[in-house]
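Undergrad: Next up, model-v4.cif (mmCIF, C-alpha atoms).
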```
data_input
#
loop_
_atom_site.label_atom_id
_atom_site.label_comp_id
_atom_site.auth_asym_id
_atom_site.auth_seq_id
_atom_site.Cartn_x
_atom_site.Cartn_y
_atom_site.Cartn_z
CA MET A 1 1.10 82.73 33.92
CA LYS A 2 -1.58 82.38 36.51
CA VAL A 3 -5.19 82.29 35.30
CA LYS A 4 -8.12 82.89 37.66
CA TYR A 5 -11.82 82.24 37.10
CA PHE A 6 -14.79 83.72 38.94
CA ALA A 7 -18.55 83.14 39.37
CA TRP A 8 -20.09 80.89 36.71
CA VAL A 9 -16.88 80.80 34.67
CA ARG A 10 -15.19 79.23 37.71
CA GLU A 11 -18.09 76.81 38.24
CA ARG A 12 -18.18 75.68 34.63
CA ILE A 13 -14.43 75.09 34.46
CA GLY A 14 -14.37 73.54 37.92
CA LEU A 15 -11.26 75.47 38.98
CA ALA A 16 -10.67 78.78 40.73
CA GLU A 17 -7.16 79.17 39.35
CA GLU A 18 -4.38 77.40 37.52
CA THR A 19 -1.01 78.03 35.94
CA VAL A 20 -0.87 77.76 32.16
CA GLU A 21 1.84 78.09 29.54
CA PRO A 22 0.19 78.94 26.25
CA PRO A 23 2.24 78.78 23.02
CA ALA A 24 3.85 81.95 21.67
CA ASP A 25 1.17 82.52 19.02
CA VAL A 26 -1.39 83.10 21.78
CA ARG A 27 -0.88 86.87 21.94
CA THR A 28 -4.11 88.47 23.11
CA VAL A 29 -6.83 87.87 25.68
CA ASN A 30 -9.06 86.69 22.84
CA ASP A 31 -6.37 84.25 21.67
CA LEU A 32 -6.09 82.92 25.22
CA ILE A 33 -9.87 82.37 25.40
CA GLY A 34 -9.66 80.42 22.15
CA TRP A 35 -6.71 78.36 23.36
CA LEU A 36 -8.32 77.62 26.74
CA SER A 37 -11.57 76.64 24.99
CA GLY A 38 -9.65 73.86 23.25
CA ARG A 39 -8.61 72.28 26.54
CA GLY A 40 -11.82 70.34 27.05
CA GLU A 41 -15.58 70.40 27.27
CA ALA A 42 -15.71 72.31 30.56
CA TYR A 43 -13.59 75.12 29.10
CA ALA A 44 -15.56 75.16 25.86
CA TYR A 45 -18.77 75.48 27.92
CA ALA A 46 -17.36 78.30 30.08
CA PHE A 47 -16.22 80.25 27.03
CA GLU A 48 -19.10 79.33 24.68
CA LYS A 49 -20.09 83.01 24.42
CA PRO A 50 -16.74 84.82 24.37
CA LYS A 51 -18.41 88.23 23.98
CA VAL A 52 -19.99 87.87 27.42
CA ILE A 53 -16.67 87.10 29.14
CA ARG A 54 -14.81 89.96 30.84
CA ALA A 55 -11.07 89.85 31.48
CA ALA A 56 -8.54 91.51 33.74
CA ILE A 57 -4.75 91.55 33.55
CA ASP A 58 -2.95 92.11 36.86
CA HIS A 59 -6.12 93.46 38.53
CA ALA A 60 -7.10 95.91 35.76
CA HIS A 61 -9.95 95.49 33.27
CA VAL A 62 -8.78 94.86 29.70
CA LYS A 63 -10.38 94.48 26.28
CA PRO A 64 -10.27 91.22 24.26
CA ASP A 65 -7.48 92.57 22.04
CA ALA A 66 -5.16 93.31 24.99
CA VAL A 67 -1.73 91.70 24.64
CA ILE A 68 -1.00 89.14 27.36
CA SER A 69 2.81 89.05 27.23
CA GLY A 70 4.29 90.04 30.58
CA ALA A 71 1.06 89.38 32.48
CA ARG A 72 1.43 87.77 35.88
CA GLU A 73 -2.25 87.09 36.43
CA ILE A 74 -5.16 86.97 33.99
CA ALA A 75 -8.72 86.63 35.22
CA PHE A 76 -11.90 85.68 33.37
CA PHE A 77 -15.37 86.37 34.72
CA PRO A 78 -18.94 87.26 33.77
CA PRO A 79 -20.21 90.87 33.80
CA MET A 80 -20.09 92.17 37.35
CA THR A 81 -23.16 92.38 39.56
CA GLY A 82 -21.90 93.99 42.78
CA GLY A 83 -23.01 97.15 44.47
CA MET B 1 -5.48 119.41 51.97
CA SER B 2 -5.29 115.99 50.40
CA VAL B 3 -8.11 113.59 51.17
CA THR B 4 -7.57 109.86 51.38
CA ALA B 5 -10.47 107.51 50.76
CA THR B 6 -11.24 104.76 53.26
CA ILE B 7 -11.93 101.53 51.37
CA ARG B 8 -12.82 98.25 53.00
CA ILE B 9 -13.81 94.90 51.51
CA GLN B 10 -15.10 92.78 54.35
CA GLU B 11 -17.26 89.79 55.22
CA GLY B 12 -18.74 91.32 58.36
CA ASP B 13 -21.45 93.94 58.68
CA PHE B 14 -20.86 97.70 58.96
CA ASP B 15 -22.59 100.49 60.86
CA ALA B 16 -23.41 103.44 58.60
CA ALA B 17 -23.84 105.84 61.53
CA GLN B 18 -20.44 104.90 62.90
CA GLU B 19 -18.82 105.46 59.50
CA ILE B 20 -20.39 108.93 59.20
CA THR B 21 -19.07 109.82 62.66
CA ALA B 22 -15.60 108.55 61.79
CA LEU B 23 -15.60 110.79 58.71
CA SER B 24 -16.99 113.98 60.18
CA LYS B 25 -16.21 114.01 63.91
CA GLY B 26 -14.47 117.14 65.16
CA ARG B 27 -14.54 118.84 61.75
CA THR B 28 -16.11 122.15 60.83
CA ASP B 29 -15.22 122.21 57.12
CA ILE B 30 -17.92 119.69 56.14
CA GLY B 31 -21.33 121.03 55.19
CA ALA B 32 -22.86 117.94 53.58
CA VAL B 33 -22.64 114.19 54.14
CA VAL B 34 -24.35 111.83 51.72
CA THR B 35 -24.74 108.15 52.62
CA PHE B 36 -25.83 105.38 50.28
CA SER B 37 -26.52 101.95 51.76
CA GLY B 38 -27.23 99.02 49.47
CA VAL B 39 -29.39 96.45 51.26
CA CYS B 40 -30.29 92.87 50.35
CA ARG B 41 -33.94 92.70 49.18
CA GLY B 42 -36.16 89.82 50.25
CA SER B 43 -37.55 89.29 46.77
CA GLU B 44 -36.48 89.52 43.16
CA ASN B 45 -39.09 89.99 40.41
CA GLY B 46 -41.82 89.08 42.88
CA ALA B 47 -40.20 85.80 43.99
CA PRO B 48 -38.85 85.51 47.54
CA ILE B 49 -35.11 84.99 47.97
CA ALA B 50 -33.44 83.27 50.93
CA ALA B 51 -30.06 85.01 50.67
CA LEU B 52 -27.39 86.39 48.38
CA THR B 53 -23.84 85.14 48.24
CA LEU B 54 -21.33 87.66 46.97
CA GLU B 55 -18.16 86.37 45.37
CA HIS B 56 -15.32 88.83 44.81
CA TYR B 57 -11.85 89.03 43.31
CA PRO B 58 -9.53 89.84 46.25
CA GLY B 59 -6.90 92.37 45.28
CA MET B 60 -8.69 93.59 42.18
CA ALA B 61 -11.81 94.60 44.15
CA GLU B 62 -9.70 96.94 46.31
CA ALA B 63 -7.73 98.21 43.31
CA GLU B 64 -10.81 98.90 41.20
CA ILE B 65 -12.66 100.71 43.99
CA ALA B 66 -9.53 102.72 44.81
CA ARG B 67 -9.24 103.77 41.16
CA HIS B 68 -12.78 105.11 41.12
CA ALA B 69 -12.43 106.68 44.57
CA ASP B 70 -9.37 108.57 43.29
CA GLU B 71 -11.35 109.69 40.25
CA ALA B 72 -14.19 110.92 42.49
CA LEU B 73 -11.68 112.84 44.63
CA SER B 74 -10.23 114.48 41.53
CA ARG B 75 -13.63 115.39 40.02
CA TRP B 76 -15.44 116.72 43.09
CA PRO B 77 -14.24 118.84 46.03
CA LEU B 78 -14.70 116.14 48.69
CA GLN B 79 -13.61 116.38 52.31
CA GLY B 80 -14.02 112.68 53.00
CA LEU B 81 -14.93 109.44 51.27
CA THR B 82 -15.67 105.94 52.58
CA VAL B 83 -16.56 102.87 50.54
CA ILE B 84 -17.32 99.51 52.17
CA HIS B 85 -18.38 96.43 50.19
CA ARG B 86 -19.25 93.14 51.82
CA PHE B 87 -18.75 89.64 50.45
CA GLY B 88 -20.01 86.22 51.52
CA ARG B 89 -23.55 85.21 52.42
CA ILE B 90 -25.93 88.10 53.04
CA ALA B 91 -29.54 87.64 54.21
CA PRO B 92 -32.50 89.87 53.26
CA GLY B 93 -32.44 93.11 55.25
CA GLU B 94 -28.65 92.99 55.71
CA ASN B 95 -26.22 95.58 54.37
CA ILE B 96 -24.27 94.94 51.15
CA VAL B 97 -22.49 98.19 50.33
CA LEU B 98 -21.90 101.63 51.82
CA VAL B 99 -20.73 104.85 50.19
CA VAL B 100 -20.25 107.97 52.33
CA THR B 101 -19.20 111.25 50.75
CA ALA B 102 -18.53 114.49 52.61
CA SER B 103 -18.16 117.93 51.10
CA ALA B 104 -18.65 121.60 51.91
CA HIS B 105 -21.82 121.64 49.80
CA ARG B 106 -24.42 119.04 48.92
CA GLN B 107 -24.10 118.88 45.14
CA ALA B 108 -20.57 117.44 45.17
CA ALA B 109 -21.48 114.93 47.86
CA PHE B 110 -24.62 113.75 46.01
CA GLU B 111 -22.91 113.51 42.62
CA ALA B 112 -19.79 111.74 43.88
CA ALA B 113 -21.87 109.16 45.77
CA GLU B 114 -23.96 108.45 42.69
CA PHE B 115 -20.89 108.24 40.46
CA LEU B 116 -19.24 105.74 42.81
CA MET B 117 -22.34 103.54 43.07
CA ASP B 118 -22.82 103.51 39.29
CA TYR B 119 -19.22 102.35 38.85
CA LEU B 120 -19.33 99.85 41.71
CA LYS B 121 -22.25 98.16 39.94
CA THR B 122 -20.48 97.75 36.62
CA SER B 123 -16.72 97.59 37.31
CA ALA B 124 -16.05 96.36 40.81
CA PRO B 125 -15.36 92.61 40.58
CA PHE B 126 -18.24 91.24 42.64
CA TRP B 127 -20.83 88.67 41.57
CA LYS B 128 -24.15 88.00 43.28
CA ARG B 129 -25.60 84.54 43.52
CA GLU B 130 -29.19 84.33 44.61
CA GLU B 131 -30.64 81.50 46.69
CA SER B 132 -34.37 80.87 46.39
CA GLU B 133 -36.74 77.92 46.65
CA ASN B 134 -35.82 77.09 43.04
CA GLY B 135 -32.16 76.66 43.96
CA ALA B 136 -29.23 79.00 43.44
CA ALA B 137 -28.55 81.13 40.37
CA TRP B 138 -26.09 83.86 39.38
CA ILE B 139 -27.75 87.24 38.99
CA GLU B 140 -27.39 88.66 35.47
CA ALA B 141 -25.93 92.09 34.83
CA ARG B 142 -28.43 94.74 33.78
CA ASP B 143 -28.07 96.96 30.74
CA HIS B 144 -29.45 99.97 32.59
CA ASP B 145 -26.55 99.72 35.09
CA ASP B 146 -24.09 100.01 32.17
CA ALA B 147 -26.03 103.02 30.88
CA ALA B 148 -25.98 104.62 34.34
CA ALA B 149 -22.18 104.27 34.53
CA ALA B 150 -21.65 105.47 30.95
CA ARG B 151 -23.27 108.86 31.59
CA TRP B 152 -20.29 109.80 33.83
CA SER B 153 -17.75 109.22 31.04
CA LYS B 154 -15.98 112.36 30.03
CA SER B 155 -16.41 112.98 26.32
#
```
Could you render the structure as structure tokens?
TA:
Amino acid sequence: MKVKYFAWVRERIGLAEETVEPPADVRTVNDLIGWLSGRGEAYAYAFEKPKVIRAAIDHAHVKPDAVISGAREIAFFPPMTGG
Amino acid sequence: MSVTATIRIQEGDFDAAQEITALSKGRTDIGAVVTFSGVCRGSENGAPIAALTLEHYPGMAEAEIARHADEALSRWPLQGLTVIHRFGRIAPGENIVLVVTASAHRQAAFEAAEFLMDYLKTSAPFWKREESENGAAWIEARDHDDAAAARWSKS
């Protein structure tokens, strides 16, 4: 699945997007945050406060317990500050 | 009559007067037009800022605004609705966002415009980065914006 990062999450990780293949036991958005955090210091830094991180699956906001199976695109970003 | 919202996410500037004309020209069923323009301030907490850079999530920004525009159209009797949100580098005094609502009477137009702005602040995927003499920093979300959006939730 494709994973996208925005704002300071993108800056901390150093990537705007990538394709990942998490193992089958990574079921939810929260699981994915945990799995990504284990990929290195930059990821651990980006996700150091998981409660602050917002997520979207296929362009729709989701909660941390949302199931990721079937998702084409998952995005992680800080709280929005538009408008 | 079904009303379709006009939604644009663009780097370039917009002209609020032109958007009002586009919405209301040649029509006699509109009695109220409310316009909200969000403009880049030249200072934040007393400190001058050089510019804002707005990052957005292409695709989701359009989808999220469309979702809330559809909700506004279903909750208020609107005759027209336009939402424009800019991205990229924006200098103090320049436009950031525009909401135009048109209705037969003012209350619906006022309420729908406020509803849309409250949701744009908290759910449209845009992030502001502020440039000042101290460097660049991401602007933090404000709790009172969440509270403003929450008051529109149907219980």
Undergrad: What residues in chain B have any atom no more than 10 Å from chain A when counting all atoms listed in the file, and can you write them as a PyMOL selection string?
TA: chain B and resi 37-39+54-64+67+84-87+96-99+116-129+137-142+145
Undergrad: At a cut-off of 9 Å, using all atoms listed in the file, what residues contact Val9 of chain A? Leave out same-chain residues fewer than 4 positions from it and give the result as a PyMOL selection string.
TA: chain A and resi 5+13-16+43+45-47+53+76-78
Undergrad: Suppose a student applies the PyMOL selection byres ((chain B and resi 42) around 9) to this structure; what residues should they get, written as a list in words?
TA: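 What the PyMOL selection byres ((chain B and resi 42) around 9) grabs from the file is Cys40, Arg41, Ser43, Glu44, Ala47, Pro48, Ile49, Ala50, Ala51, Ala91, Pro92 and Gly93 of chain B.
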Undergrad: Show which residues sit within 12 Å of segment 108-113 of chain B, as a PyMOL selection string. Count only C-alpha atoms, and ignore same-chain residues fewer than 2 positions away.
TA: chain B and resi 30-37+68-83+97-106+115-120+151-152
Undergrad: Starting from the PyMOL selection byres ((chain A and resi 34) around 12), expand the selection into actual residues of this file and give them as a PyMOL selection string.
TA: chain A and resi 22+25-33+35-40+43-51+53+64
